2 protein chains.
Amino acid sequence: MKNNNKIPPATVKRLPIYLQCLELIDEKTIGISSKKLAELAKVNDAQVRRDLSYLGTLGTRGVGYEISTLRNQLQLELGLVEGWSAVIVGVGNLGSALAHYGGFQERGFGVVGLFDDDPRKINKQIAGLVVKPISEMQNTCEKYNVAIGIIATPGKVAQEIADKLIECNIKSILNFAPVLLKNTADVQIRSVDLSQELQILSYYLDRPVLKAVK
Amino acid sequence: MKNNNKIPPATVKRLPIYLQCLELIDEKTIGISSKKLAELAKVNDAQVRRDLSYLGTLGTRGVGYEISTLRNQLQLELGLVEGWSAVIVGVGNLGSALAHYGGFQERGFGVVGLFDDDPRKINKQIAGLVVKPISEMQNTCEKYNVAIGIIATPGKVAQEIADKLIECNIKSILNFAPVLLKNTADVQIRSVDLSQELQILSYYLDRPVLKAVK
DNA sequence: TGCATTAGTGAAAAATAATAACAAAATTCC
DNA sequence: GGAATTTTGTTATTATTTTTCACTAATGCA
């Protein structure tokens with residue numbers, strides 16, 4: 001399939017899962033079939049082939065996929081190779097958790113700044129970084145050419161922070177505050193509302209028969 | 001529409017958003033039209049009516065919806081009224097963040113237990129609760145009839161914890177560890193992988209034209 | 001060479017979602 | 001009181017997306 005930039009959302013959601021599945025495989029193994037990968041990822045094997053075909057022609061007919069190639073392409077497609085930098089705004093428990101979270105660094109995201117406006121938090125050291133006041137954010141973002149802003153503040157200041165991040169020329173925002181942020185044309189916003197997740201889960205609590213939303 | 005238990009996933013995902021929108025409204029206002037709510041939630045107004053119709057006949061033609069009724073029904077449908085209890089396993093930064101997170105209590109989820117097997121954490125007090133060893137989990141779950149287990153442990157022990165939670169007769173799991181948990185027939189599992197979220201965001205980083213996955 | 005295997009993909013089918021459009025019910029205004 | 005207006009509930013339609021089937025094309029191996 002032509003690599004024309006148009007991977008369906010449902011597929012994009014599965015790419016990180018495939019990547020994760022590959023990590024589970026014994027290092028000595030060098031190849032994997034769509035059938036086996038499908039099994040690990042708990043999807044149909046035609047789905048796997050279809051999904052991977054969006055990334056280009058990666059496999060070999062009659063043989064399967066070479067794991068290292070697959071991993072590289074997945075990482076490339078997900079933009080995990082270019083090493084995006086991120087800043088975290090709000091260093092309460094959630095912000096700290098995110099700062100400590102190994103998964104980010106591992107997958108090519110470097111957290112280069114922590115910001116908060118609480119004087120008790122400023123200058124505290126967390127995960128090797130010093131917490132700075134939000135007024136210094138612009139500076140850091142320019143210096144490191146930061147692409148991602150992570151909002152872990154209380155809801156009521158989240159929009160204000162988002163606006164500031166946009167002013168800093170950030171390209172995407174990952175929002176953990178429980179509010180709907182205003183959409184902006186050229187900034188991708190992705191929200192994770194922890195209690196919303198719990199609410200959705202809760203909906204399915206008394207309905208064990210139904211399939212849960214993914 | 002008959003209230004026959006079958007709300008489409010896309011709708012279930014919007015219900016918490018509607019609930020959130022209602023919270024933004026001035027307390028004195030008692031009614032709201034589908035058009036206005038649509039505007040707040042940033043969706044089509046026909047969509048709002050369609051979505052709400054799954055909950056029963058809540059509005060009044062020519063008038064609109066009574067906010068308090070709407071809120072009650074949304075909460076009821078989402079199961080936020082029955083007061084589910086939850087336990088959190090793993091009290092690192094993320095677990096602590098979740099324990100402190102006001103949103104849960106507010107929306108009807110009571111966190112009744114914190115568990116960890118790190119001796120340095122046991123007996124620590126967090127958000128008014130004392131951290132206990134995982135061996136005591138069964139006990140707490142029975143005592144409080146806990147319905148939800150929240151996993152905030154490192155990935156490598158997550159499956160083991162999930163199994164233990166299932167043994168404790170929990171009904172749903174909200175998993176924050178970056179692993180795919182094995183599916184079990186009568187336990188709903190919902191996973192939030194923070195770095196997966198970031199990876200999906202990252203995919204859209206160089207493709208600002210595309211619409212991001214919801 | 002022939003058989004077994006497995007990727008890539010067109011096309012069909014299925015599932016899901018969104019929207020338009022309008023009758024029915026309620027209110028307001030004359 | 002009745003016409004005009006508003007706004008819901010719902011049917012029907014359309015659109016979109018996703019999944020799966022089924023087959024062809026490579027490849028390896030005996």
# chains A, B, ... in the order shown; residues from 1 in each chain; ligands from 1
>>> residues_around(residues="DA17 (chain C)", least_positions_apart="4", cutoff="10 Å", atoms="only C-alpha atoms (C1' of nucleotides)", output="list in words")
Pro8, Pro9, Ala10, Thr11 and Gln47 of chain B; DA15, DT16 and DT17 of chain D
>>> select_by_dssp(residues="region 35-196 of chain B", states="helix (DSSP H, G or I)", output="PyMOL selection string")
chain B and resi 35-41+45-53+67-77+93-100+102-106+134-144+155-167+194-196
>>> interface_residues(of="chain B", to="chain C", cutoff="8 Å", atoms="only C-alpha atoms (C1' of nucleotides)", output="list in words")
Ala10, Ala46, Gln47, Thr60, Arg61, Gly62 and Val63 of chain B
>>> select_by_dssp(residues="chain A", states="strand (DSSP E)", output="VMD selection string")
chain A and resid 31 to 32 59 to 60 64 to 66 85 to 89 110 to 115 125 to 126 129 to 132 148 to 151 172 to 175 188 to 191
>>> write_last_selection(atoms="C-alpha atoms", output="JSON list (two decimals), in the first residue's frame")
[["chain", "number", "residue", "atom", "x", "y", "z"],
["A", 31, "GLY", "CA", 11.01, -13.11, 12.74],
["A", 32, "ILE", "CA", 7.30, -13.08, 13.41],
["A", 59, "GLY", "CA", 7.22, -8.33, 5.44],
["A", 60, "THR", "CA", 8.35, -11.13, 3.19],
["A", 64, "GLY", "CA", 6.89, -13.14, 7.87],
["A", 65, "TYR", "CA", 8.17, -9.92, 9.35],
["A", 66, "GLU", "CA", 11.63, -9.27, 10.66],
["A", 85, "SER", "CA", 10.96, 17.12, 23.85],
["A", 86, "ALA", "CA", 8.22, 17.70, 26.35],
["A", 87, "VAL", "CA", 7.51, 19.96, 29.31],
["A", 88, "ILE", "CA", 5.21, 19.16, 32.18],
["A", 89, "VAL", "CA", 3.15, 21.89, 33.74],
["A", 110, "GLY", "CA", 12.57, 13.71, 26.70],
["A", 111, "VAL", "CA", 11.07, 15.72, 29.52],
["A", 112, "VAL", "CA", 13.13, 18.89, 29.58],
["A", 113, "GLY", "CA", 11.20, 21.09, 31.94],
["A", 114, "LEU", "CA", 8.86, 21.08, 34.92],
["A", 115, "PHE", "CA", 6.80, 24.13, 35.73],
["A", 125, "GLN", "CA", 14.11, 18.80, 42.33],
["A", 126, "ILE", "CA", 12.06, 16.04, 40.73],
["A", 129, "LEU", "CA", 14.91, 18.41, 36.98],
["A", 130, "VAL", "CA", 14.36, 21.59, 38.90],
["A", 131, "VAL", "CA", 10.81, 22.92, 39.03],
["A", 132, "LYS", "CA", 10.60, 26.41, 37.63],
["A", 148, "ILE", "CA", 4.82, 18.64, 23.53],
["A", 149, "GLY", "CA", 3.21, 20.25, 26.53],
["A", 150, "ILE", "CA", 1.76, 18.05, 29.22],
["A", 151, "ILE", "CA", -0.85, 19.64, 31.45],
["A", 172, "SER", "CA", 0.71, 19.15, 20.80],
["A", 173, "ILE", "CA", -0.83, 19.08, 24.20],
["A", 174, "LEU", "CA", -1.53, 16.08, 26.35],
["A", 175, "ASN", "CA", -4.08, 17.23, 28.88],
["A", 188, "GLN", "CA", -3.13, 18.72, 18.50],
["A", 189, "ILE", "CA", -4.86, 18.28, 21.80],
["A", 190, "ARG", "CA", -5.35, 14.93, 23.41],
["A", 191, "SER", "CA", -7.11, 14.68, 26.71]]
>>> calpha_fit_rmsd(fixed="chain B", moving="chain A")
0.1 Å
>>> closest_residue(among="D:DA3, D:DT11, D:DC23, D:DC29", to="chain B", atoms="only C-alpha atoms (C1' of nucleotides)")
D:DT11
>>> residues_around(residues="Leu74 (chain B)", least_positions_apart="6", cutoff="10 Å", atoms="only C-alpha atoms (C1' of nucleotides)", output="VMD selection string")
chain B and resid 15 to 16 18 to 19 52 55 68 80 to 81
>>> interface_residues(of="chain B", to="chain A", cutoff="7 Å", atoms="only C-alpha atoms", output="VMD selection string")
chain B and resid 9 12 to 13 16 77 to 79 93 to 94 96 to 97 103 to 104 171 to 172 186 188 190 195 to 196 199 to 203 205 208 213
>>> write_last_selection(atoms="N, CA, C and O atoms", output="tab-separated table (two decimals), in the first residue's frame")
chain	number	residue	atom	x	y	z
B	9	PRO	N	-21.18	2.82	22.09
B	9	PRO	CA	-19.94	3.27	22.69
B	9	PRO	C	-19.66	4.75	22.46
B	9	PRO	O	-19.24	5.45	23.37
B	12	VAL	N	-21.67	6.59	24.94
B	12	VAL	CA	-21.17	6.42	26.31
B	12	VAL	C	-19.98	7.36	26.55
B	12	VAL	O	-19.86	7.97	27.60
B	13	LYS	N	-19.15	7.48	25.54
B	13	LYS	CA	-18.00	8.36	25.68
B	13	LYS	C	-18.39	9.82	25.83
B	13	LYS	O	-17.64	10.61	26.39
B	16	PRO	N	-20.06	11.48	29.87
B	16	PRO	CA	-19.31	12.22	30.88
B	16	PRO	C	-19.04	13.65	30.44
B	16	PRO	O	-18.92	14.55	31.28
B	77	GLU	N	-27.13	6.69	34.90
B	77	GLU	CA	-26.76	5.84	33.78
B	77	GLU	C	-25.30	5.44	33.86
B	77	GLU	O	-24.91	4.33	33.55
B	78	LEU	N	-24.48	6.37	34.31
B	78	LEU	CA	-23.05	6.09	34.40
B	78	LEU	C	-22.73	5.32	35.68
B	78	LEU	O	-21.57	5.01	35.93
B	79	GLY	N	-23.74	5.06	36.46
B	79	GLY	CA	-23.50	4.28	37.67
B	79	GLY	C	-22.75	5.05	38.74
B	79	GLY	O	-22.04	4.49	39.55
B	93	ASN	N	4.21	7.42	42.52
B	93	ASN	CA	3.67	8.75	42.25
B	93	ASN	C	2.30	8.71	41.61
B	93	ASN	O	1.41	9.47	41.98
B	94	LEU	N	2.14	7.80	40.67
B	94	LEU	CA	0.85	7.74	39.98
B	94	LEU	C	-0.25	7.30	40.94
B	94	LEU	O	-1.30	7.93	41.01
B	96	SER	N	-0.31	7.62	44.12
B	96	SER	CA	-0.59	8.72	45.05
B	96	SER	C	-1.44	9.78	44.37
B	96	SER	O	-2.36	10.33	44.97
B	97	ALA	N	-1.08	10.06	43.12
B	97	ALA	CA	-1.84	11.07	42.39
B	97	ALA	C	-3.30	10.66	42.34
B	97	ALA	O	-4.20	11.46	42.58
B	103	GLY	N	-11.38	14.28	41.85
B	103	GLY	CA	-12.43	13.91	40.89
B	103	GLY	C	-13.14	12.60	41.20
B	103	GLY	O	-14.31	12.45	40.91
B	104	PHE	N	-12.44	11.67	41.80
B	104	PHE	CA	-13.06	10.37	42.06
B	104	PHE	C	-14.17	10.48	43.09
B	104	PHE	O	-15.31	10.11	42.85
B	171	LYS	N	-15.14	-6.19	40.14
B	171	LYS	CA	-15.92	-6.27	38.90
B	171	LYS	C	-15.25	-5.59	37.71
B	171	LYS	O	-15.52	-5.92	36.57
B	172	SER	N	-14.42	-4.58	38.00
B	172	SER	CA	-13.74	-3.90	36.90
B	172	SER	C	-12.35	-3.49	37.32
B	172	SER	O	-12.09	-3.23	38.48
B	186	ASP	N	-15.83	-12.09	32.99
B	186	ASP	CA	-16.79	-11.23	33.67
B	186	ASP	C	-16.16	-10.08	34.43
B	186	ASP	O	-16.75	-9.51	35.34
B	188	GLN	N	-14.53	-6.35	33.63
B	188	GLN	CA	-14.26	-5.33	32.64
B	188	GLN	C	-12.88	-4.76	32.88
B	188	GLN	O	-12.57	-4.37	34.00
B	190	ARG	N	-10.17	-1.85	31.65
B	190	ARG	CA	-9.98	-0.65	30.85
B	190	ARG	C	-8.56	-0.17	31.10
B	190	ARG	O	-8.17	0.02	32.23
B	195	SER	N	2.07	6.35	28.16
B	195	SER	CA	3.02	6.58	27.09
B	195	SER	C	2.41	6.20	25.76
B	195	SER	O	2.79	6.71	24.72
B	196	GLN	N	1.40	5.34	25.79
B	196	GLN	CA	0.69	5.04	24.55
B	196	GLN	C	-0.05	6.28	24.07
B	196	GLN	O	-0.07	6.59	22.88
B	199	GLN	N	2.34	8.36	22.48
B	199	GLN	CA	2.75	7.84	21.18
B	199	GLN	C	1.72	8.18	20.11
B	199	GLN	O	2.07	8.53	18.99
B	200	ILE	N	0.46	8.07	20.50
B	200	ILE	CA	-0.59	8.40	19.53
B	200	ILE	C	-0.51	9.88	19.19
B	200	ILE	O	-0.56	10.29	18.04
B	201	LEU	N	-0.32	10.67	20.22
B	201	LEU	CA	-0.16	12.11	20.01
B	201	LEU	C	1.02	12.38	19.08
B	201	LEU	O	0.95	13.18	18.15
B	202	SER	N	2.06	11.66	19.35
B	202	SER	CA	3.27	11.83	18.58
B	202	SER	C	3.06	11.52	17.10
B	202	SER	O	3.60	12.19	16.23
B	203	TYR	N	2.23	10.53	16.84
B	203	TYR	CA	1.95	10.20	15.44
B	203	TYR	C	1.40	11.41	14.71
B	203	TYR	O	1.73	11.67	13.57
B	205	LEU	N	1.96	14.46	15.41
B	205	LEU	CA	2.79	15.64	15.55
B	205	LEU	C	3.21	16.25	14.22
B	205	LEU	O	3.12	17.44	14.02
B	208	PRO	N	-0.22	17.82	11.17
B	208	PRO	CA	-1.22	18.67	11.81
B	208	PRO	C	-2.53	18.75	11.04
B	208	PRO	O	-3.53	19.19	11.55
B	213	VAL	N	-7.20	10.89	16.51
B	213	VAL	CA	-8.10	9.86	17.04
B	213	VAL	C	-8.71	10.38	18.31
B	213	VAL	O	-8.03	10.99	19.14
>>> interface_residues(of="chain D", to="chain B", cutoff="12 Å", atoms="only C-alpha atoms (C1' of nucleotides)", output="PyMOL selection string")
chain D and resi 5-11
>>> write_last_selection(atoms="N, CA and C atoms (P, O5', C5', C4', C3', O3' and C1' of nucleotides)", output="PDB file, in the first residue's frame")
ATOM      1  P    DT D   5     -43.545  32.790  13.466  1.00  0.00           P
ATOM      2  O5'  DT D   5     -43.136  32.027  14.799  1.00  0.00           O
ATOM      3  C5'  DT D   5     -43.198  32.723  16.057  1.00  0.00           C
ATOM      4  C4'  DT D   5     -42.530  31.864  17.120  1.00  0.00           C
ATOM      5  C3'  DT D   5     -41.220  31.217  16.672  1.00  0.00           C
ATOM      6  O3'  DT D   5     -40.248  31.484  17.669  1.00  0.00           O
ATOM      7  C1'  DT D   5     -42.658  29.588  17.601  1.00  0.00           C
ATOM      8  P    DT D   6     -38.760  31.078  17.439  1.00  0.00           P
ATOM      9  O5'  DT D   6     -38.652  29.869  18.460  1.00  0.00           O
ATOM     10  C5'  DT D   6     -39.035  30.090  19.824  1.00  0.00           C
ATOM     11  C4'  DT D   6     -39.079  28.751  20.520  1.00  0.00           C
ATOM     12  C3'  DT D   6     -37.811  27.913  20.335  1.00  0.00           C
ATOM     13  O3'  DT D   6     -37.300  27.673  21.624  1.00  0.00           O
ATOM     14  C1'  DT D   6     -39.767  26.608  19.968  1.00  0.00           C
ATOM     15  P    DT D   7     -35.844  27.175  21.838  1.00  0.00           P
ATOM     16  O5'  DT D   7     -36.086  25.612  21.889  1.00  0.00           O
ATOM     17  C5'  DT D   7     -36.862  25.082  22.954  1.00  0.00           C
ATOM     18  C4'  DT D   7     -37.112  23.627  22.665  1.00  0.00           C
ATOM     19  C3'  DT D   7     -35.871  22.880  22.179  1.00  0.00           C
ATOM     20  O3'  DT D   7     -35.776  21.663  22.870  1.00  0.00           O
ATOM     21  C1'  DT D   7     -37.674  22.449  20.801  1.00  0.00           C
ATOM     22  P    DT D   8     -34.469  20.806  22.804  1.00  0.00           P
ATOM     23  O5'  DT D   8     -35.131  19.385  23.040  1.00  0.00           O
ATOM     24  C5'  DT D   8     -35.980  19.202  24.158  1.00  0.00           C
ATOM     25  C4'  DT D   8     -37.058  18.180  23.816  1.00  0.00           C
ATOM     26  C3'  DT D   8     -36.513  16.777  23.592  1.00  0.00           C
ATOM     27  O3'  DT D   8     -37.277  15.860  24.374  1.00  0.00           O
ATOM     28  C1'  DT D   8     -37.806  17.467  21.715  1.00  0.00           C
ATOM     29  P    DG D   9     -36.705  14.454  24.690  1.00  0.00           P
ATOM     30  O5'  DG D   9     -37.301  13.627  23.470  1.00  0.00           O
ATOM     31  C5'  DG D   9     -38.688  13.313  23.471  1.00  0.00           C
ATOM     32  C4'  DG D   9     -39.001  12.480  22.254  1.00  0.00           C
ATOM     33  C3'  DG D   9     -38.154  11.226  22.111  1.00  0.00           C
ATOM     34  O3'  DG D   9     -39.069  10.202  21.724  1.00  0.00           O
ATOM     35  C1'  DG D   9     -37.961  12.539  20.150  1.00  0.00           C
ATOM     36  P    DT D  10     -38.580   8.754  21.492  1.00  0.00           P
ATOM     37  O5'  DT D  10     -38.413   8.742  19.906  1.00  0.00           O
ATOM     38  C5'  DT D  10     -39.579   8.967  19.119  1.00  0.00           C
ATOM     39  C4'  DT D  10     -39.182   8.858  17.673  1.00  0.00           C
ATOM     40  C3'  DT D  10     -38.264   7.687  17.348  1.00  0.00           C
ATOM     41  O3'  DT D  10     -38.710   7.150  16.131  1.00  0.00           O
ATOM     42  C1'  DT D  10     -37.352   9.637  16.495  1.00  0.00           C
ATOM     43  P    DT D  11     -38.576   5.647  15.851  1.00  0.00           P
ATOM     44  O5'  DT D  11     -39.130   5.620  14.357  1.00  0.00           O
ATOM     45  C5'  DT D  11     -39.931   6.706  13.867  1.00  0.00           C
ATOM     46  C4'  DT D  11     -39.478   7.040  12.458  1.00  0.00           C
ATOM     47  C3'  DT D  11     -38.802   5.876  11.734  1.00  0.00           C
ATOM     48  O3'  DT D  11     -39.287   5.839  10.409  1.00  0.00           O
ATOM     49  C1'  DT D  11     -37.367   7.749  11.764  1.00  0.00           C
TER      50       DT D  11
END
>>> atom_distance(atom1="CA of Ile122 (chain B)", atom2="CA of Gly90 (chain B)")
10.6 Å
